[in-house]
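Only one structure is covered here, and it is reproduced in the block below.
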Amino acid sequence: MLIRAYEERLALMQQNNGVPGTCTSVGQEACAVGVLGALDSRDRIITNHRSAAHLLARGADPGRLMAEVLGRVDGYCGGHSGSLHVSARELGVVLTSTIVGGGLSLAPGVALAQKMGQGEEGGVVVVFFGDGAACEGILHESLNLAVQWQLPLLFVCENNQWQAYVHRLETMADDAIYRWACGHGLDTQRIDGNDSDLVLEAARQAVGAIRADGRPRFLELLTYRQRGHLEPDDLAYVDQVERQRWLKRDPIALMQARLKAEGLLQDKELRTIEEQIHRQTDTAQAFAEASPWPDPQKLLQHVYAG
Amino acid sequence: MLIRAYEERLALMQQNNGVPGTCTSVGQEACAVGVLGALDSRDRIITNHRSAAHLLARGADPGRLMAEVLGRVDGYCGGHSGSLHVSARELGVVLTSTIVGGGLSLAPGVALAQKMGQGEEGGVVVVFFGDGAACEGILHESLNLAVQWQLPLLFVCENNQWQAYVHRLETMADDAIYRWACGHGLDTQRIDGNDSDLVLEAARQAVGAIRADGRPRFLELLTYRQRGHLEPDDLAYVDQVERQRWLKRDPIALMQARLKAEGLLQDKELRTIEEQIHRQTDTAQAFAEASPWPDPQKLLQHVYAG
Amino acid sequence: MSILNVEQAINQALQEEMHRDSRVMVMGEGVAKSRAALLASFGPQRVRNTPLAEAVISGTAVGAAATGLRPVVDLLFAPFLTYAMDALVNSAGKLRYLSGGQHEFPLVTLSMTGAGWCVGAQHNHNLEAMFVHAPGLKVVMPSTPADFKGLIKTAIRDNNPVLVFTDLSLLHASGEVPDETEFLVPLGKAAVSREGTDVTLVSYAKTVNICLESAKQLEEFGISAEVIDLRSLKPLDEETVLRSVRKTGRLVIVQEASGLCGMAAEIAALAVTRAFEALRAPVVRLTGPDAPAAASWVLEQATVPTAGKIVQAVREMLPHAAPVVRQQIVQPA
Amino acid sequence: MSILNVEQAINQALQEEMHRDSRVMVMGEGVAKSRAALLASFGPQRVRNTPLAEAVISGTAVGAAATGLRPVVDLLFAPFLTYAMDALVNSAGKLRYLSGGQHEFPLVTLSMTGAGWCVGAQHNHNLEAMFVHAPGLKVVMPSTPADFKGLIKTAIRDNNPVLVFTDLSLLHASGEVPDETEFLVPLGKAAVSREGTDVTLVSYAKTVNICLESAKQLEEFGISAEVIDLRSLKPLDEETVLRSVRKTGRLVIVQEASGLCGMAAEIAALAVTRAFEALRAPVVRLTGPDAPAAASWVLEQATVPTAGKIVQAVREMLPHAAPVVRQQIVQPA
Ligand SMILES: Cc1ncc(C[n+]2csc(CCOP(=O)(O)OP(=O)(O)O)c2C)c(N)n1
Ligand SMILES: Cc1ncc(C[n+]2csc(CCOP(=O)(O)OP(=O)(O)O)c2C)c(N)n1
Ligand SMILES: [Mg+2]
Ligand SMILES: [Mg+2]
């Protein structure tokens, strides 16, 4: 499990480096791996513009994901989405909006459908959103509705310190998100989002609690966006002191160090895994680049349902 | 001062009884009288659909107000507004939206203009809104902006237990509004909104503090909507036990009792005041009903500014 | 057949569809009170009062629709849809396409608009055209109780988001409504409310009645007016409009909504792009002004197109139409 | 005159107006970074980064405008305006009228749209028509750097809310821009970008360039096309359009936005209601489809009207137009 998770994370990094023009999850992998590690196939996920880690950790095929980013027909959305709104129903990634806060508006409905019997028994809904999204009014509405209607919904705020090109401390008080959530009276935890073990543990607890009583929970994961908002980005506006502090706490390095310390990972093994991931990424890229463009004759397909 | 306040409140009640088709403030007069008693002419006010008490307590002419409700040309808005969006710039009632939460979106801008020198030195902005409006996401955005930008804005939530035909406990937890506001880290008070003395005192404190440091404050006033949402209303959906409890705490009766106990009001004096108000209301009604209809030829006047 | 008013017809449609399909549910501010009969029949799980939070209410409908429910959201007055725009325009209208067809959004919104209650522009704004312009959404705006019933039922069964607008002046208008639970009016089909040969009057919602009234008055002048009730603004029944315009050669479009980029513009464009050769006179648009609705009764009413104006416009198109000479029945003194 | 691109022209307009009038301020997500020169000139009071909260940002602009400031709000991408609809449509557009003229709302919104960046429909949605339909608002959508400068300056000085839409494919297009700080382009005046006699091509924003390209190609066929750049969608320069249509008798309207209830419908309606006698052929609308914009480059580009389609449409209108015979210069072998 941990190894698999680690593998996905590294795959993700490699991959993101290779694909420009996306919002990468680099630095935030532990959030995705930890939370998704706590879920099973009954559960449904809603993500946003920064979705690669969520998708890969959920088992998405890197080739199809990359094909989507390139706008090719073998992408999860047939190239319609591009990188910003990838959803993959087959993986339980049921809705994705790139409108900041969009997922927060949709999530209570998915959870309501779950509660009203439209999903697998015991399923939980997870919505990922950023610290920026937490400033949108929809957070308030979504939390209040989830609490009042007792919806089986886990709110996961990846507080990566940045909101595009604005540092979050310019838009909110230091401990704002946690306090806002607490104000709604639901169980809230704020934890280190760069430690995948901690995240996994917290997510397991929260998901278990939701399965037990059907009520929403809230996790704030403190993490850091290591790369720019949207590739390519020169990071000229970034406080380098803060950045260096966080780079020292890189989630993958942390995990590798721990695994090695615990004797669960050898250098040789690590190299094997790295090579494997490298090949996997090559394959994905080859697949994506070989995938045909959508047919412009089918431009109007899927606008309306039959 | 107290007498004046009382007078206005009573005028208000009489008047509201006489004008159907409006959202009355009956039962909530102490909120208006208390808060407006703490303001002076530098200050600006933003209100909502339930504005009669705010307007009259601010010194609005009952005749012009009633003319507006009737859609007549002598109304504060020339009959364009009707009862739902009355503003009266000359009284510092600068904006009014009947969209629930509309005032919360506009208020930070008025306070920003104040802060940036577009008002009288030391002026404070007050926005009145209901417990229903507190459920709209705009509350969250408005509070966060006011706190972050340090705006001279007093949020006044008149928690009258009702949101049109829905009791607020169906839409939020018991102590929700107070907790939500606290989550934003600004000074917040929750007080009995049926006691005009208490309200006045709290508003004075808050306004003084805002004048001193330029930062926002929040008051939640617990009160009760004694009449229906919109006249006429049979109140068939209302919990009579709760209503009776609140009727016993009618703000005007409370104040009269206190004034009498303190020897500041005699029965005779009260009767004189009542008669005076009765005449005033008669005059207002006569004025309003005599006021001409707007000229349909001028239908397009005021759509665009020159 | 029963005689129902529009409000009753809407409730009957909801009642029948909720009975037919347990996935259908209704939510909105106060629906459990305003539609108490539904609450009594289907209970609080399926008839839900919501907090005052249109953005999340509509978003919730979208999310629920994508994952198995078929929600009907009552958003009360059309201007409140401004809070629901992200959910409706960006999510419901776009996420199916952006997902490459993975999701369906079978949801219905209800809201009211129109002059008649003196409530002013923040409650009265005919903004249906905004949603006609937005891709992925369907829009209906009926004029008769039967069409309300039939179209709402079809809308609930449709797998796309459908916005239903109700002119509030129609709420208490009654008419015959079929009792059958399978009475459905298809989306995308206009009704020829009255046949005629000289001029086509195209309209929807309350102004259909004004067109019918005008048609009656035009008869007096020997002018035969065809009245088309669009009913469904999107999908739009282009063929019915074009067939009529090709027959009459004259077109007047009547709506209460303001003109710029409204339905009347769309219909006029349709005629001049696809029935140009048949046109025998300039098309006429009679619409509300580019102004918010005032509350004052006289100003509010001044924005509604009248039969007088329609008759005048048509008579100017047909200056040689002869008034029908009726036999004068001389009353005995 | 200087050669500036659109982005520079916008910033120059802001710089000049902020210099001229201390009440002008700019706010939005990241404006203090994206418009760093303004921050350097005017400081953080007047150039404000905001939280991610479009509803309150736009509401704040409306409130501030009513009480003495002249805010410019950068809302980034047009679809984010869905969060700002209450503030813009219900407050900015209506509260002046509802208050009987007590308030003015001198504010400007900036936002981007259009194909070219493969960002998909939640960033690329040409929804300007929604705001043209809404009363009390003005809308401009220029196509040249000079017009961006001149119109934004005028918009800032206007006492009404003005929405400025920028097609993002134009951002790096350069052109001559007058240096004068009093260079103003009036709202409500179209530009005749090219004169012609056989057909009128009406457009705005990026598709103006496509029309100009088409006009050049049409010359080859001996067809003289007049190209009108609306620039200002509301107020709309009806007279310039009508004058041209009355001259040429033929009208093609080109826009990237989807067709239903869009500007092209409005212009077609204008022609058939007010220049009917002059029309010699069916009007043609070439618009984006009734579909969200896909991200994939090929699908995205398939929604943009092309010169090829315009030329074809015009040639079908003028089937007898003779190709211009050019002298063949035989190259020595
Ligand atoms: C409503 C809206 N406003 C602005 C944007 C542009 N935008 C995209 S991502 C982003 C930053 C979001 O910050 P956060 O929610 O913290 O997520 P992060 O990117 O940090 O993961 C912005 C401003 C958008 N997509 N939607
Ligand atoms: C956005 C919006 N939603 C719904 C309404 C309809 N409406 C008007 S007042 C009201 C109740 C508001 O409750 P609250 O904010 O508590 O104010 P109160 O009426 O109790 O003073 C409702 C639902 C509206 N005007 N605007
Ligand atoms: Mg962030
Ligand atoms: Mg209330």
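Residue names in the structure tokens use chain letters A, B, ... in the order shown, residue numbers from 1 in each chain, and ligand numbers from 1 in the order shown.
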
Margin query: Could you list, as a ChimeraX atom specification, all protein and nucleic acid residues with an atom at most 8 Å from ligand 1, counting only C-alpha atoms and all ligand atoms?
Written below: /A:23,25,48-50,98-102,129-134,136,158-165,168,225,229 /D:29-30,52-54,75-77,79-81,83,122-123

Could those selected residues go to a file with N, CA and C atoms, as a CSV table (one decimal), in the first residue's frame?
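File written: selection01.csv
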chain,number,residue,atom,x,y,z
A,23,CYS,N,-1.9,22.7,-14.1
A,23,CYS,CA,-1.7,23.0,-12.7
A,23,CYS,C,-1.2,21.8,-12.0
A,25,SER,N,0.4,19.1,-9.1
A,25,SER,CA,0.2,18.8,-7.7
A,25,SER,C,1.5,18.6,-7.0
A,48,ASN,N,-10.8,19.3,-8.7
A,48,ASN,CA,-10.8,20.7,-9.3
A,48,ASN,C,-9.7,20.8,-10.4
A,49,HIS,N,-9.2,22.0,-10.6
A,49,HIS,CA,-8.2,22.2,-11.7
A,49,HIS,C,-6.9,21.5,-11.4
A,50,ARG,N,-6.6,21.2,-10.1
A,50,ARG,CA,-5.3,20.7,-9.7
A,50,ARG,C,-5.6,19.2,-9.3
A,98,THR,N,-13.6,23.5,-12.8
A,98,THR,CA,-12.4,24.3,-12.6
A,98,THR,C,-12.8,25.7,-12.2
A,99,ILE,N,-14.1,25.9,-12.0
A,99,ILE,CA,-14.5,27.2,-11.4
A,99,ILE,C,-14.2,27.0,-9.9
A,100,VAL,N,-13.4,27.9,-9.4
A,100,VAL,CA,-13.0,27.8,-8.0
A,100,VAL,C,-14.2,27.8,-7.1
A,101,GLY,N,-14.4,26.8,-6.3
A,101,GLY,CA,-15.6,26.6,-5.5
A,101,GLY,C,-16.7,25.8,-6.2
A,102,GLY,N,-16.5,25.5,-7.5
A,102,GLY,CA,-17.5,24.8,-8.2
A,102,GLY,C,-17.8,23.4,-7.5
A,129,PHE,N,-10.7,20.7,-2.4
A,129,PHE,CA,-10.7,22.2,-2.9
A,129,PHE,C,-9.5,22.9,-2.2
A,130,GLY,N,-9.2,24.0,-2.7
A,130,GLY,CA,-8.0,24.8,-2.2
A,130,GLY,C,-8.3,25.8,-1.2
A,131,ASP,N,-7.3,26.4,-0.7
A,131,ASP,CA,-7.4,27.5,0.3
A,131,ASP,C,-8.1,28.7,-0.4
A,132,GLY,N,-7.9,28.9,-1.7
A,132,GLY,CA,-8.5,29.9,-2.4
A,132,GLY,C,-10.0,29.7,-2.4
A,133,ALA,N,-10.4,28.5,-2.8
A,133,ALA,CA,-11.8,28.1,-2.8
A,133,ALA,C,-12.5,28.4,-1.5
A,134,ALA,N,-11.7,28.3,-0.4
A,134,ALA,CA,-12.3,28.5,0.9
A,134,ALA,C,-12.8,29.9,1.1
A,136,GLU,N,-14.4,31.6,-1.2
A,136,GLU,CA,-15.7,31.8,-1.9
A,136,GLU,C,-16.8,31.5,-1.0
A,158,GLU,N,-7.0,21.4,0.7
A,158,GLU,CA,-5.6,21.4,0.5
A,158,GLU,C,-5.1,22.8,0.6
A,159,ASN,N,-4.7,23.2,1.7
A,159,ASN,CA,-4.2,24.6,2.0
A,159,ASN,C,-2.7,24.6,1.6
A,160,ASN,N,-2.5,25.0,0.3
A,160,ASN,CA,-1.1,25.0,-0.3
A,160,ASN,C,-0.5,26.4,-0.2
A,161,GLN,N,-1.0,27.2,0.5
A,161,GLN,CA,-0.5,28.6,0.8
A,161,GLN,C,-0.7,29.6,-0.4
A,162,TRP,N,-1.0,29.1,-1.6
A,162,TRP,CA,-1.1,29.9,-2.7
A,162,TRP,C,-2.5,29.9,-3.4
A,163,GLN,N,-2.9,31.0,-3.9
A,163,GLN,CA,-4.1,31.1,-4.7
A,163,GLN,C,-3.7,31.8,-6.0
A,164,ALA,N,-3.3,30.9,-6.9
A,164,ALA,CA,-2.7,31.4,-8.2
A,164,ALA,C,-1.5,32.3,-7.8
A,165,TYR,N,-1.5,33.6,-8.0
A,165,TYR,CA,-0.3,34.4,-7.8
A,165,TYR,C,-0.4,35.2,-6.5
A,168,ARG,N,-1.8,33.2,0.3
A,168,ARG,CA,-3.1,33.2,1.0
A,168,ARG,C,-3.2,34.2,2.2
A,225,ARG,N,2.5,24.4,-2.5
A,225,ARG,CA,2.6,24.3,-4.0
A,225,ARG,C,4.0,24.6,-4.4
A,229,HIS,N,1.7,28.3,-10.4
A,229,HIS,CA,0.2,28.0,-10.5
A,229,HIS,C,-0.1,27.2,-11.7
D,29,GLU,N,-8.4,39.5,-8.3
D,29,GLU,CA,-7.5,38.5,-7.9
D,29,GLU,C,-6.1,38.6,-8.6
D,30,GLY,N,-5.1,39.0,-7.8
D,30,GLY,CA,-3.8,39.1,-8.4
D,30,GLY,C,-3.5,40.3,-9.2
D,52,LEU,N,-10.3,35.3,-3.3
D,52,LEU,CA,-11.1,34.6,-4.4
D,52,LEU,C,-12.6,34.7,-4.0
D,53,ALA,N,-13.3,35.7,-4.4
D,53,ALA,CA,-14.6,35.9,-4.0
D,53,ALA,C,-15.3,36.9,-4.9
D,54,GLU,N,-15.6,36.4,-6.1
D,54,GLU,CA,-16.1,37.3,-7.1
D,54,GLU,C,-17.4,38.0,-6.8
D,75,LEU,N,-12.0,40.6,-13.4
D,75,LEU,CA,-12.6,39.4,-13.0
D,75,LEU,C,-12.0,38.2,-13.7
D,76,LEU,N,-10.9,38.4,-14.4
D,76,LEU,CA,-10.1,37.4,-15.1
D,76,LEU,C,-10.9,36.8,-16.3
D,77,PHE,N,-11.5,35.7,-16.1
D,77,PHE,CA,-12.2,35.0,-17.2
D,77,PHE,C,-13.7,35.2,-17.1
D,79,PRO,N,-16.4,33.4,-17.6
D,79,PRO,CA,-17.3,32.6,-16.9
D,79,PRO,C,-17.3,32.8,-15.4
D,80,PHE,N,-16.3,33.5,-14.9
D,80,PHE,CA,-16.3,33.8,-13.4
D,80,PHE,C,-17.3,34.9,-13.1
D,81,LEU,N,-17.8,35.5,-14.1
D,81,LEU,CA,-18.8,36.5,-14.0
D,81,LEU,C,-20.1,35.9,-13.4
D,83,TYR,N,-20.4,34.3,-10.9
D,83,TYR,CA,-20.5,34.5,-9.4
D,83,TYR,C,-20.8,36.0,-9.2
D,122,GLN,N,-15.2,26.5,-19.2
D,122,GLN,CA,-15.3,27.2,-17.9
D,122,GLN,C,-14.3,28.4,-17.8
D,123,HIS,N,-13.5,28.5,-18.8
D,123,HIS,CA,-12.7,29.7,-19.0
D,123,HIS,C,-13.0,30.5,-20.3

Next item on the list: Check every residue of chain B for an atom within 8 Å of chain C, counting only C-alpha atoms, and provide those that qualify as a PyMOL selection string.
Entry: chain B and resi 70-72+79-82+84+97-100+132-133+135-137+163-166+170-172+237+293-296+299-300+303

Go through region 56-291 of chain A and collect every residue that DSSP, computed from the backbone, puts in strand (DSSP E); the answer should be as a compact mmCIF listing (two decimals) with C-alpha atoms, in the first residue's frame.
# COMPACT_ATOMS: atom_id res chain seq x y z
CA VAL A 93 -14.36 10.72 -9.95
CA VAL A 94 -17.85 11.94 -10.56
CA LEU A 95 -17.59 15.65 -11.11
CA THR A 96 -14.83 18.17 -11.59
CA VAL A 125 -18.26 11.51 -0.97
CA VAL A 126 -15.02 13.48 -0.87
CA VAL A 127 -14.59 16.98 -2.25
CA PHE A 128 -11.10 18.41 -2.74
CA PHE A 129 -10.66 22.15 -2.86
CA GLY A 130 -7.99 24.76 -2.21
CA LEU A 153 -19.43 14.27 2.80
CA LEU A 154 -15.75 14.74 3.59
CA PHE A 155 -14.45 18.23 2.88
CA VAL A 156 -10.73 18.18 2.12
CA CYS A 157 -9.09 21.58 1.90
CA GLU A 158 -5.58 21.40 0.52
CA ASN A 159 -4.17 24.57 1.96
CA TRP A 162 -1.13 29.93 -2.74
CA GLN A 163 -4.12 31.12 -4.67
CA VAL A 166 -1.50 35.61 -4.45
CA HIS A 167 -0.26 34.27 -1.14
CA ASP A 187 -15.63 17.66 13.29
CA THR A 188 -12.61 19.38 11.84
CA GLN A 189 -8.96 18.45 11.80
CA ARG A 190 -6.01 20.48 10.66
CA ILE A 191 -2.94 18.38 9.95
CA ASP A 192 0.37 18.27 8.18
CA ARG A 217 -16.33 15.96 8.37
CA PHE A 218 -13.66 18.49 7.46
CA LEU A 219 -9.90 18.09 6.95
CA GLU A 220 -7.56 20.98 6.41
CA LEU A 221 -4.25 19.71 5.03
CA LEU A 222 -1.34 22.10 5.37

Item checked: Selected residue, from B:Ser196, B:Gln285, B:Ser142, B:Gln297, that lies nearest to chain A when counting only C-alpha atoms -> B:Ser142

Item checked: Interface residues on chain A facing chain B, 8 Å, only C-alpha atoms, written as a VMD selection string -> chain A and resid 135 to 141 144 to 145 148 170 to 173 176 179 to 184

Report the closest atom pair, with its distance in Å rounded to one decimal, for each residue of chain C that has an atom no farther than 8 Å from chain D; count only C-alpha atoms, sort by chain and then rising residue number, and write it as CSV.
residue,atom,partner,partner_atom,distance
C:Pro79,CA,D:Asn90,CA,7.2
C:Phe80,CA,D:Asp86,CA,7.8
C:Thr82,CA,D:Met85,CA,5.1
C:Tyr83,CA,D:Asp86,CA,6.2
C:Met85,CA,D:Thr82,CA,5.1
C:Asp86,CA,D:Thr82,CA,5.1
C:Val89,CA,D:Thr82,CA,7.7
C:Asn90,CA,D:Gln122,CA,6.1
C:Gly93,CA,D:Pro292,CA,7.8
C:Lys94,CA,D:Pro292,CA,5.7
C:Tyr97,CA,D:Pro292,CA,6.8
C:Leu98,CA,D:Ala294,CA,6.3
C:Gly120,CA,D:Leu98,CA,7.4
C:Ala121,CA,D:Lys94,CA,6.8
C:Gln122,CA,D:Asn90,CA,6.1
C:Leu127,CA,D:Ala134,CA,7.6
C:Ala129,CA,D:Cys261,CA,6.3
C:Met130,CA,D:Met130,CA,5.0
C:Val132,CA,D:Leu260,CA,6.5
C:His133,CA,D:Leu260,CA,5.1
C:Ala134,CA,D:Asp290,CA,7.6
C:Pro135,CA,D:Ala291,CA,5.0
C:Gly136,CA,D:Ala291,CA,6.6
C:Ser258,CA,D:His133,CA,7.0
C:Gly259,CA,D:His133,CA,7.3
C:Leu260,CA,D:His133,CA,5.1
C:Cys261,CA,D:Cys261,CA,4.7
C:Gly262,CA,D:Cys261,CA,5.4
C:Met263,CA,D:Cys261,CA,6.0
C:Ala265,CA,D:Glu266,CA,5.1
C:Glu266,CA,D:Ala265,CA,5.1
C:Ala268,CA,D:Ala269,CA,5.0
C:Ala269,CA,D:Ala268,CA,5.0
C:Val272,CA,D:Pro282,CA,5.7
C:Thr273,CA,D:Val283,CA,4.8
C:Arg274,CA,D:Pro282,CA,7.0
C:Ala275,CA,D:Pro282,CA,7.7
C:Phe276,CA,D:Pro282,CA,5.2
C:Glu277,CA,D:Pro282,CA,7.5
C:Ala281,CA,D:Phe276,CA,7.2
C:Pro282,CA,D:Thr273,CA,5.0
C:Val283,CA,D:Thr273,CA,4.8
C:Val284,CA,D:Thr273,CA,5.7
C:Arg285,CA,D:Thr273,CA,7.5
C:Asp290,CA,D:Pro135,CA,5.2
C:Ala291,CA,D:Pro135,CA,5.0
C:Pro292,CA,D:Lys94,CA,5.7
C:Ala294,CA,D:Leu98,CA,6.3
C:Ala295,CA,D:Leu98,CA,7.9
